[in-house]
>>> print(open('data07.csv').read())   # CSV, C-alpha atoms
chain,number,residue,atom,x,y,z
A,1,MET,CA,42.3,-9.3,33.5
A,2,MET,CA,40.6,-5.9,34.1
A,3,ARG,CA,41.5,-4.7,30.6
A,4,SER,CA,39.9,-7.8,29.1
A,5,ARG,CA,36.8,-7.3,31.1
A,6,ASN,CA,36.5,-3.6,30.0
A,7,ALA,CA,37.0,-4.7,26.3
A,8,TRP,CA,34.2,-7.2,26.7
A,9,LEU,CA,31.9,-4.6,28.2
A,10,THR,CA,32.7,-2.2,25.4
A,11,THR,CA,32.0,-4.8,22.8
A,12,ALA,CA,28.7,-5.8,24.5
A,13,PHE,CA,27.6,-2.1,24.7
A,14,VAL,CA,28.4,-1.6,21.0
A,15,LEU,CA,26.4,-4.7,20.0
A,16,VAL,CA,23.4,-3.6,22.1
A,17,ALA,CA,23.5,-0.2,20.6
A,18,ILE,CA,23.6,-1.7,17.0
A,19,ILE,CA,20.7,-4.0,17.8
A,20,ALA,CA,18.7,-1.2,19.3
A,21,LEU,CA,19.3,1.1,16.3
A,22,GLY,CA,18.5,-1.7,13.9
A,23,THR,CA,15.3,-2.6,15.6
A,24,SER,CA,14.3,1.1,15.6
A,25,ALA,CA,15.0,1.3,11.9
A,26,ILE,CA,12.9,-1.8,11.2
A,27,VAL,CA,10.0,-0.5,13.3
A,28,MET,CA,10.2,2.9,11.5
A,29,THR,CA,10.3,1.2,8.0
A,30,ALA,CA,7.3,-0.9,8.9
A,31,ALA,CA,5.4,2.1,10.1
A,32,ARG,CA,6.2,4.0,6.9
A,33,ALA,CA,5.1,0.9,4.8
A,34,THR,CA,1.7,0.9,6.5
A,35,GLU,CA,1.3,4.7,6.0
A,36,VAL,CA,1.9,4.4,2.2
A,37,LYS,CA,-1.4,5.1,0.5
A,38,MET,CA,-2.4,4.4,-3.1
A,39,PRO,CA,-3.3,7.5,-5.2
A,40,SER,CA,-6.9,7.8,-6.2
A,41,GLY,CA,-7.6,6.0,-9.5
A,42,ASP,CA,-9.5,7.3,-12.5
A,43,ALA,CA,-11.2,4.5,-14.5
A,44,THR,CA,-11.3,6.5,-17.7
A,45,ARG,CA,-7.6,7.1,-17.7
A,46,GLY,CA,-7.2,3.5,-16.6
A,47,ALA,CA,-9.1,2.3,-19.7
A,48,ALA,CA,-6.6,4.1,-22.0
A,49,ILE,CA,-3.6,2.7,-20.0
A,50,TYR,CA,-5.2,-0.8,-20.2
A,51,GLU,CA,-5.7,-0.5,-23.9
A,52,SER,CA,-2.0,0.4,-24.5
A,53,ASN,CA,-0.3,-1.8,-21.9
A,54,CYS,CA,-2.4,-4.8,-21.1
A,55,ILE,CA,-4.1,-5.6,-24.4
A,56,GLY,CA,-1.0,-7.4,-25.7
A,57,CYS,CA,-1.8,-10.4,-23.5
A,58,HIS,CA,-5.3,-9.7,-21.9
A,59,SER,CA,-8.9,-9.0,-22.8
A,60,LEU,CA,-11.8,-8.3,-20.6
A,61,ASP,CA,-13.8,-11.3,-21.8
A,62,SER,CA,-11.4,-13.8,-23.3
A,63,ASN,CA,-8.6,-15.9,-21.8
A,64,ARG,CA,-5.6,-15.2,-24.1
A,65,VAL,CA,-2.0,-15.2,-23.1
A,66,GLY,CA,-3.3,-14.1,-19.8
A,67,PRO,CA,-6.7,-14.6,-18.1
A,68,ALA,CA,-9.9,-12.6,-18.8
A,69,HIS,CA,-10.1,-9.6,-16.6
A,70,ARG,CA,-13.8,-8.8,-16.3
A,71,GLY,CA,-14.7,-9.8,-12.7
A,72,VAL,CA,-11.0,-10.0,-11.6
A,73,PHE,CA,-11.7,-7.4,-8.8
A,74,GLY,CA,-13.0,-9.4,-5.9
A,75,ARG,CA,-12.3,-12.7,-7.6
A,76,LYS,CA,-10.2,-15.4,-5.9
A,77,ALA,CA,-6.7,-15.3,-7.4
A,78,GLY,CA,-6.0,-18.0,-10.0
A,79,SER,CA,-9.7,-18.8,-10.6
A,80,ALA,CA,-10.7,-17.4,-14.0
A,81,PRO,CA,-12.6,-20.3,-15.6
A,82,GLY,CA,-10.6,-22.2,-18.2
A,83,PHE,CA,-7.3,-20.5,-17.8
A,84,ALA,CA,-4.1,-22.5,-17.1
A,85,TYR,CA,-2.5,-20.6,-14.2
A,86,SER,CA,1.0,-21.0,-12.7
A,87,THR,CA,1.3,-23.1,-9.7
A,88,GLY,CA,1.9,-20.0,-7.6
A,89,LEU,CA,-1.4,-18.5,-8.5
A,90,LYS,CA,-3.3,-21.8,-8.2
A,91,LYS,CA,-2.1,-22.0,-4.6
A,92,ALA,CA,-3.0,-18.4,-3.8
A,93,LYS,CA,-5.5,-18.1,-1.0
A,94,PHE,CA,-6.6,-14.5,-1.5
A,95,ALA,CA,-9.1,-12.5,-3.5
A,96,TRP,CA,-7.9,-9.5,-5.6
A,97,ASP,CA,-8.6,-6.1,-4.0
A,98,ALA,CA,-7.0,-2.8,-4.7
A,99,ALA,CA,-4.0,-3.2,-2.5
A,100,ARG,CA,-3.2,-6.7,-3.8
A,101,LEU,CA,-3.6,-5.6,-7.4
A,102,ASP,CA,-1.3,-2.7,-6.7
A,103,ALA,CA,1.4,-5.0,-5.3
A,104,TRP,CA,0.9,-7.5,-8.2
A,105,LEU,CA,1.3,-4.8,-10.8
A,106,THR,CA,4.3,-3.4,-9.1
A,107,ASN,CA,6.2,-6.7,-9.3
A,108,PRO,CA,4.2,-9.8,-9.9
A,109,GLN,CA,6.9,-12.4,-9.6
A,110,ALA,CA,8.0,-10.9,-6.3
A,111,TYR,CA,4.3,-10.8,-5.0
A,112,VAL,CA,3.4,-14.4,-6.0
A,113,LYS,CA,6.3,-16.8,-6.1
A,114,GLY,CA,6.2,-18.8,-9.3
A,115,ALA,CA,4.0,-16.4,-11.2
A,116,LYS,CA,4.6,-16.4,-15.0
A,117,MET,CA,3.8,-12.7,-15.5
A,118,GLY,CA,6.8,-10.4,-15.4
A,119,PHE,CA,5.1,-7.2,-16.7
A,120,ARG,CA,5.5,-4.3,-14.2
A,121,LEU,CA,3.6,-1.0,-14.2
A,122,SER,CA,6.0,1.1,-12.3
A,123,ASP,CA,4.1,4.3,-11.9
A,124,ALA,CA,1.7,4.3,-8.8
A,125,GLN,CA,-0.8,6.7,-10.4
A,126,ARG,CA,-1.1,4.5,-13.5
A,127,ARG,CA,-1.5,1.4,-11.4
A,128,ALA,CA,-4.3,3.1,-9.5
A,129,ASP,CA,-6.0,4.1,-12.7
A,130,VAL,CA,-5.8,0.6,-14.1
A,131,ILE,CA,-7.1,-0.8,-10.9
A,132,ALA,CA,-10.0,1.7,-10.9
A,133,TYR,CA,-10.8,0.5,-14.5
A,134,LEU,CA,-10.7,-3.2,-13.5
A,135,LYS,CA,-12.9,-2.5,-10.5
A,136,ARG,CA,-15.4,-0.7,-12.7
A,137,GLU,CA,-15.4,-3.4,-15.4
A,138,SER,CA,-15.9,-6.0,-12.6
A,139,GLY,CA,-19.1,-4.2,-11.5
A,140,LYS,CA,-17.6,-3.3,-8.1
B,141,MET,CA,-4.4,13.3,-50.1
B,142,ASP,CA,-3.6,11.4,-53.3
B,143,GLN,CA,0.0,12.0,-52.7
B,144,ILE,CA,-0.3,10.6,-49.2
B,145,ILE,CA,-2.0,7.5,-50.5
B,146,ALA,CA,0.5,7.1,-53.3
B,147,SER,CA,3.3,7.5,-50.7
B,148,ARG,CA,1.7,4.8,-48.5
B,149,ARG,CA,1.4,2.5,-51.5
B,150,SER,CA,5.0,3.2,-52.3
B,151,MET,CA,6.1,2.5,-48.8
B,152,LEU,CA,4.1,-0.8,-48.7
B,153,GLY,CA,5.6,-1.7,-52.0
B,154,THR,CA,9.0,-1.3,-50.6
B,155,VAL,CA,8.0,-3.3,-47.5
B,156,GLY,CA,6.6,-6.0,-49.8
B,157,GLY,CA,9.8,-6.1,-51.8
B,158,THR,CA,11.8,-6.6,-48.6
B,159,MET,CA,9.6,-9.6,-47.8
B,160,LEU,CA,11.3,-11.6,-50.6
B,161,SER,CA,14.4,-11.6,-48.5
B,162,ALA,CA,13.7,-14.6,-46.3
B,163,ALA,CA,17.4,-14.6,-45.5
B,164,ALA,CA,16.9,-11.4,-43.5
B,165,ILE,CA,14.4,-13.1,-41.3
B,166,GLY,CA,16.8,-16.0,-40.9
B,167,VAL,CA,19.5,-13.6,-39.8
B,168,LEU,CA,17.1,-11.9,-37.3
B,169,GLY,CA,16.4,-15.3,-35.8
B,170,GLY,CA,20.1,-16.2,-35.7
B,171,VAL,CA,21.1,-13.0,-34.0
B,172,SER,CA,18.3,-13.2,-31.5
B,173,THR,CA,19.1,-16.8,-30.7
B,174,SER,CA,22.7,-16.0,-30.2
B,175,ALA,CA,21.8,-13.1,-27.9
B,176,PHE,CA,19.5,-15.3,-25.9
B,177,ALA,CA,22.2,-17.8,-25.5
B,178,GLN,CA,24.4,-15.0,-24.1
B,179,GLY,CA,21.7,-14.1,-21.7
B,180,LYS,CA,21.5,-17.6,-20.5
B,181,LYS,CA,25.1,-17.6,-19.5
B,182,LYS,CA,24.5,-14.7,-17.2
B,183,SER,CA,22.5,-16.5,-14.5
B,184,ALA,CA,19.1,-16.7,-16.2
B,185,SER,CA,16.4,-17.8,-13.7
B,186,LYS,CA,13.1,-19.7,-13.7
B,187,GLY,CA,11.4,-16.4,-13.7
B,188,ASP,CA,13.2,-15.4,-16.9
B,189,VAL,CA,12.1,-18.7,-18.6
B,190,ASP,CA,8.5,-18.0,-17.4
B,191,ILE,CA,8.6,-14.5,-18.9
B,192,LEU,CA,10.0,-15.8,-22.2
B,193,ASN,CA,7.3,-18.4,-22.3
B,194,VAL,CA,4.6,-15.6,-21.9
B,195,ALA,CA,6.4,-13.8,-24.7
B,196,LEU,CA,6.2,-16.9,-26.8
B,197,GLY,CA,2.5,-17.1,-26.2
B,198,LEU,CA,2.2,-13.6,-27.4
B,199,GLU,CA,4.2,-14.3,-30.6
B,200,HIS,CA,2.1,-17.4,-31.3
B,201,GLU,CA,-1.0,-15.2,-31.2
B,202,ALA,CA,0.6,-12.5,-33.4
B,203,ILE,CA,1.5,-15.1,-36.0
B,204,ALA,CA,-2.1,-16.4,-36.0
B,205,ALA,CA,-3.6,-12.9,-36.2
B,206,TYR,CA,-1.6,-12.2,-39.3
B,207,SER,CA,-2.6,-15.6,-40.8
B,208,ILE,CA,-6.2,-14.9,-40.1
B,209,GLY,CA,-5.9,-11.4,-41.7
B,210,ALA,CA,-4.0,-12.7,-44.7
B,211,GLY,CA,-6.5,-15.5,-45.2
B,212,SER,CA,-9.5,-13.2,-44.8
B,213,GLY,CA,-9.5,-12.0,-48.4
B,214,LEU,CA,-9.9,-8.5,-47.0
B,215,LEU,CA,-6.3,-7.3,-47.7
B,216,ALA,CA,-5.2,-5.6,-50.9
B,217,LYS,CA,-1.9,-6.7,-52.3
B,218,PRO,CA,0.6,-4.2,-50.8
B,219,VAL,CA,-1.1,-4.5,-47.4
B,220,LEU,CA,-1.1,-8.3,-47.7
B,221,ASP,CA,2.6,-8.3,-48.4
B,222,ALA,CA,3.3,-6.1,-45.3
B,223,ALA,CA,1.2,-8.5,-43.2
B,224,VAL,CA,3.2,-11.5,-44.4
B,225,LEU,CA,6.5,-9.6,-43.8
B,226,PHE,CA,5.4,-8.7,-40.2
B,227,GLN,CA,4.3,-12.3,-39.6
B,228,GLY,CA,7.8,-13.4,-40.7
B,229,HIS,CA,9.3,-11.2,-38.0
B,230,HIS,CA,7.0,-12.7,-35.4
B,231,LYS,CA,8.1,-16.2,-36.7
B,232,GLY,CA,11.7,-15.1,-36.2
B,233,HIS,CA,10.9,-14.0,-32.6
B,234,ARG,CA,9.0,-17.3,-32.0
B,235,ASP,CA,11.9,-19.5,-33.2
B,236,ALA,CA,14.4,-17.5,-31.1
B,237,LEU,CA,12.2,-17.8,-28.0
B,238,ILE,CA,11.7,-21.5,-28.5
B,239,LYS,CA,15.4,-22.1,-28.7
B,240,ALA,CA,16.2,-19.9,-25.8
B,241,ILE,CA,13.5,-21.5,-23.5
B,242,THR,CA,14.7,-25.0,-24.5
B,243,ASP,CA,18.4,-24.1,-23.9
B,244,MET,CA,17.4,-22.7,-20.5
B,245,GLY,CA,15.8,-26.0,-19.6
B,246,GLY,CA,12.2,-24.8,-20.0
B,247,LYS,CA,9.3,-26.3,-22.0
B,248,PRO,CA,8.1,-23.9,-24.7
B,249,VAL,CA,4.3,-23.3,-24.8
B,250,MET,CA,2.5,-24.7,-27.8
B,251,ALA,CA,0.5,-22.6,-30.2
B,252,LYS,CA,-3.3,-22.9,-30.2
B,253,THR,CA,-5.2,-23.3,-33.5
B,254,ASP,CA,-6.0,-20.3,-35.6
B,255,ALA,CA,-9.7,-20.9,-34.9
B,256,GLU,CA,-9.0,-20.7,-31.2
B,257,TYR,CA,-7.1,-17.4,-31.6
B,258,ALA,CA,-9.9,-16.0,-33.8
B,259,LYS,CA,-12.4,-16.8,-31.1
B,260,GLU,CA,-10.3,-15.2,-28.4
B,261,LEU,CA,-9.8,-12.1,-30.4
B,262,ASN,CA,-13.5,-11.9,-31.3
B,263,VAL,CA,-12.6,-11.7,-35.0
B,264,ALA,CA,-16.0,-12.8,-36.4
B,265,ALA,CA,-17.8,-9.9,-34.7
B,266,THR,CA,-15.2,-7.2,-35.2
B,267,VAL,CA,-13.3,-7.8,-38.4
B,268,LYS,CA,-15.2,-7.0,-41.6
B,269,THR,CA,-12.9,-4.8,-43.6
B,270,GLN,CA,-9.3,-4.2,-44.4
B,271,THR,CA,-9.3,-1.3,-41.9
B,272,ASP,CA,-10.6,-3.7,-39.2
B,273,VAL,CA,-7.7,-6.1,-39.9
B,274,LEU,CA,-5.2,-3.2,-39.8
B,275,LYS,CA,-6.7,-1.8,-36.6
B,276,LEU,CA,-6.6,-5.3,-34.9
B,277,ALA,CA,-2.9,-5.7,-35.9
B,278,GLN,CA,-2.1,-2.2,-34.8
B,279,ARG,CA,-3.7,-2.8,-31.3
B,280,LEU,CA,-1.8,-6.1,-30.9
B,281,GLU,CA,1.5,-4.6,-32.0
B,282,LYS,CA,1.3,-1.7,-29.6
B,283,GLY,CA,0.3,-4.1,-26.8
B,284,ALA,CA,3.2,-6.4,-27.7
B,285,ALA,CA,5.7,-3.5,-27.7
B,286,ASN,CA,4.5,-2.4,-24.3
B,287,ALA,CA,4.5,-5.9,-23.0
B,288,TYR,CA,8.2,-6.3,-23.9
B,289,ILE,CA,9.0,-2.9,-22.3
B,290,GLY,CA,7.0,-3.8,-19.2
B,291,VAL,CA,9.0,-7.0,-18.5
B,292,ILE,CA,12.4,-5.4,-18.9
B,293,PRO,CA,12.8,-4.7,-15.1
B,294,SER,CA,11.9,-8.3,-14.3
B,295,PHE,CA,14.7,-10.0,-16.2
B,296,SER,CA,17.6,-11.1,-14.1
B,297,ASN,CA,20.4,-9.9,-16.4
B,298,ASN,CA,21.1,-7.1,-18.8
B,299,ASP,CA,21.4,-9.3,-21.9
B,300,LEU,CA,17.8,-10.4,-21.6
B,301,ARG,CA,16.7,-6.9,-20.9
B,302,GLN,CA,18.4,-5.7,-24.1
B,303,ILE,CA,16.9,-8.4,-26.1
B,304,SER,CA,13.5,-7.5,-24.8
B,305,ALA,CA,14.1,-3.9,-25.8
B,306,ARG,CA,15.0,-5.1,-29.3
B,307,LEU,CA,11.8,-7.1,-29.6
B,308,ALA,CA,9.8,-4.1,-28.4
B,309,ALA,CA,11.5,-2.0,-31.1
B,310,ASP,CA,10.4,-4.5,-33.8
B,311,GLU,CA,6.8,-4.4,-32.6
B,312,ALA,CA,6.9,-0.6,-32.4
B,313,THR,CA,8.1,-0.5,-36.0
B,314,HIS,CA,5.1,-2.6,-37.0
B,315,TRP,CA,2.8,-0.3,-35.1
B,316,ALA,CA,4.2,2.8,-36.7
B,317,THR,CA,3.9,1.3,-40.2
B,318,LEU,CA,0.3,0.2,-39.6
B,319,SER,CA,-0.6,3.6,-38.1
B,320,PHE,CA,0.9,5.3,-41.2
B,321,VAL,CA,-1.1,3.0,-43.5
B,322,LEU,CA,-4.3,3.8,-41.5
B,323,GLY,CA,-3.6,7.5,-42.1
B,324,GLU,CA,-3.1,8.3,-38.4
B,325,SER,CA,-0.7,11.1,-37.4
B,326,PRO,CA,2.1,10.2,-34.9
B,327,PRO,CA,1.1,11.0,-31.3
B,328,ALA,CA,1.8,14.6,-30.3
B,329,ALA,CA,3.2,13.6,-26.9
B,330,PRO,CA,6.6,12.0,-26.4
B,331,LEU,CA,7.2,8.7,-24.7
B,332,ILE,CA,4.7,7.0,-27.0
B,333,PHE,CA,5.2,3.6,-25.5
B,334,GLY,CA,5.4,2.2,-22.0
>>> encode(input="data07.csv", output="structure tokens")
Amino acid sequence: MMRSRNAWLTTAFVLVAIIALGTSAIVMTAARATEVKMPSGDATRGAAIYESNCIGCHSLDSNRVGPAHRGVFGRKAGSAPGFAYSTGLKKAKFAWDAARLDAWLTNPQAYVKGAKMGFRLSDAQRRADVIAYLKRESGK
Amino acid sequence: MDQIIASRRSMLGTVGGTMLSAAAIGVLGGVSTSAFAQGKKKSASKGDVDILNVALGLEHEAIAAYSIGAGSGLLAKPVLDAAVLFQGHHKGHRDALIKAITDMGGKPVMAKTDAEYAKELNVAATVKTQTDVLKLAQRLEKGAANAYIGVIPSFSNNDLRQISARLAADEATHWATLSFVLGESPPAAPLIFG
């Protein structure tokens, strides 16, 4: 009886320890996530990256395979006039800012469920440069 | 300089000769379709179908761009032959993508009219000479190559990733040929794409 009680206490202690450590790890991860800062972007470099990487589907002033980009910075997601968006972007309730564009370009289908775009720009500096370019071309 | 131009003409002549082999394009389409079908078996997702449909939209636009260029009357014979050859590659990509999307249960996007594509690409204002046609094609080919490279991490299986790399290589080949014809030196820095 006593042995069984001790085993139960040991198990309970181990479980509490695991939960405490796990919670601590989650809190630390969340703290790190909020500390992550985007690099400073350069619009001139961004123009060159845009020309090489985005022009296959996008233009500043025309809806093509993807929507027109002039004015995208600050615009409500899924609202470029005349473009047929995915359901995911049509339902989006936010406006594009630097942080949201950064998350989008990192992995669009993970950021907006149901998004059609799969193109990723994996380098943080290059994303920042493209975002600086889009901001400039949006007059912001 | 004359030698370079003669060399370019010779290269385009060779490219034009290859154009006559429609069977080669058919084989390309067949291989791609088969590879797509393999990709499907390995747990393709709705996200994969969406990406393939975006790629199909890009291929529709490329086919139209070459039609507009070929029909402009601005292209000399060897350049025209190359444009038709490259358009044939894009048609092979289109057909393979349509089959793959359909096989995966998706609905392939339809092509717009050439007039709509011409308006979206601002052709009337920007394309006046053969060089303008080549530069437009060059831009679109590089953009397409980078688009196929950029979607590779988003596919759910390695077969689709490999197919995307193969499509990117086709577009990169077109870009390199067009750059050569335009007299541009290869970029000095490595990692030209992506």
>>> interface_residues(input="data07.csv", of="chain B", to="chain A", cutoff="10 Å", atoms="all atoms listed in the file", output="ChimeraX atom specification")
/B:186-202,256-257,259-262,279-295,332-334
>>> atom_distance(input="data07.csv", atom1="atom CA of Ile303 of chain B", atom2="atom CA of Leu225 of chain B")
20.6 Å
>>> atom_distance(input="data07.csv", atom1="atom CA of Lys268 of chain B", atom2="atom CA of Ala316 of chain B")
22.3 Å
